[in-house]
Amino acid sequence: MAASEGFMPESERVTRQLRDEIIDGVRSPGSRLVERELAESLGVSRLPVREALKILVSEGLVTPRPRSWAVVREFTTSDIADLDEVRSGLETLGFRLAAQRHTREGLERLRATVDAELDAARADDAVRARRAAADFHETVVSLAANELLNELERVLRSRLRWLLGQHDDLLAVALEHEALYRAIAARDVDRVQELVLHHLATSRTAALGHHAQDRS
């Protein structure tokens, strides 16, 4: 029984690995994802690769192509603007509710994500810092204690994690998160509102700048 607790189906393992590689930028936008090649490199049959690609298509990270291949999605400026609009609505509500409803345990989890992000940013570990930054936003939504809001976040999670990774000033983002954490801990809803609007604006600018740089 103990041995089976750590078991992960091959399709789930492949999905996680490909998802992380796309969000972390290891696989660049537009790069081909060919079933046969992926199966060989990952040491699995083509079936779990096919299942993984279907999941990543549904998550909005991969664009299907005919037959047995796909490409990493190339987000357009319009895609980023649409995603940012939806994110802004969800997170403005989520941060306000988190300030009002957080528990001690939830606040401790949020503090841990901030500390992890600050440590990674100061070490110039971009992948770890960006993952911690995304964890921060997901933790805030969980603190909002609104199941429908959590459900909507889960549907968009992969695309939001990709969007939240589109920044280069790791420490600046971490410090904005720390300020938000302090306002949430103080249950200062007005201050949270002020900070989240600023944070969304700087994040929007960073994402569009990063996108323009990648395309140049």
# chains A, B, ... in the order shown; residues from 1 in each chain; ligands from 1
call {"tool": "select_by_dssp", "arguments": {"residues": "region 9-203 of chain A", "states": "strand (DSSP E)", "output": "list in words"}}
result
Arg32, Leu33, Val34, Val62, Thr63, Pro64, Trp69, Ala70, Val71 and Val72 of chain A
call {"tool": "select_by_dssp", "arguments": {"residues": "chain A", "states": "alpha helix (DSSP H)", "output": "PyMOL selection string"}}
result
chain A and resi 2-5+10-23+35-42+46-58+77-101+104-122+126-143+147-164+170-185+189-215
call {"tool": "atom_distance", "arguments": {"atom1": "CA of Glu59 (chain A)", "atom2": "CA of Glu74 (chain A)"}}
result
13.7 Å
call {"tool": "atom_distance", "arguments": {"atom1": "CA of Arg87 (chain A)", "atom2": "CA of Arg187 (chain A)"}}
result
21.9 Å
call {"tool": "residues_around", "arguments": {"residues": "Leu170 (chain A)", "least_positions_apart": "3", "cutoff": "9 Å", "atoms": "only C-alpha atoms", "output": "JSON, numbers by chain"}}
result
{"A": [117, 118, 120, 121, 122, 124, 125, 126, 129, 130, 167, 173, 174, 175]}
call {"tool": "closest_atom_pairs", "arguments": {"of": "region 13-62 of chain A", "to": "region 131-146 of chain A", "cutoff": "12 Å", "atoms": "only C-alpha atoms", "output": "tab-separated table"}}
result
residue	atom	partner	partner_atom	distance
A:Asp20	CA	A:Arg131	CA	9.6
A:Glu21	CA	A:Arg131	CA	11.9
A:Ile23	CA	A:Arg131	CA	9.1
A:Asp24	CA	A:Arg131	CA	8.3
A:Gly25	CA	A:Arg131	CA	11.9
call {"tool": "write_last_selection", "arguments": {"atoms": "C-alpha atoms", "output": "mmCIF file, in the first residue's frame"}}
result
data_model
loop_
_atom_site.group_PDB
_atom_site.id
_atom_site.type_symbol
_atom_site.label_atom_id
_atom_site.label_comp_id
_atom_site.auth_asym_id
_atom_site.auth_seq_id
_atom_site.Cartn_x
_atom_site.Cartn_y
_atom_site.Cartn_z
ATOM 1 C CA ASP A 20 6.208 23.144 -16.359
ATOM 2 C CA GLU A 21 8.511 23.338 -19.372
ATOM 3 C CA ILE A 23 5.302 27.861 -18.285
ATOM 4 C CA ASP A 24 8.994 28.060 -17.313
ATOM 5 C CA GLY A 25 9.941 28.961 -20.888
#
call {"tool": "residues_around", "arguments": {"residues": "Val192 (chain A)", "least_positions_apart": "2", "cutoff": "7 Å", "atoms": "only C-alpha atoms", "output": "list in words"}}
result
Phe95, Arg96, Leu180, Ala183, Ile184, Asp188, Val189, Asp190, Glu194, Leu195 and Val196 of chain A
call {"tool": "closest_residue", "arguments": {"among": "A:Arg111, A:Ser41, A:Thr15, A:Ala81", "to": "Val57 (chain A)", "atoms": "only C-alpha atoms"}}
result
A:Thr15
call {"tool": "closest_residue", "arguments": {"among": "A:Leu38, A:Ala185, A:Leu156, A:Ala172", "to": "Leu97 (chain A)", "atoms": "only C-alpha atoms"}}
result
A:Ala185
call {"tool": "closest_residue", "arguments": {"among": "A:Leu18, A:Leu149, A:Met8, A:Ala179", "to": "Thr92 (chain A)", "atoms": "only C-alpha atoms"}}
result
A:Leu149
call {"tool": "closest_residue", "arguments": {"among": "A:Ala99, A:Val44, A:Val34, A:Ile22", "to": "Arg73 (chain A)", "atoms": "only C-alpha atoms"}}
result
A:Ile22
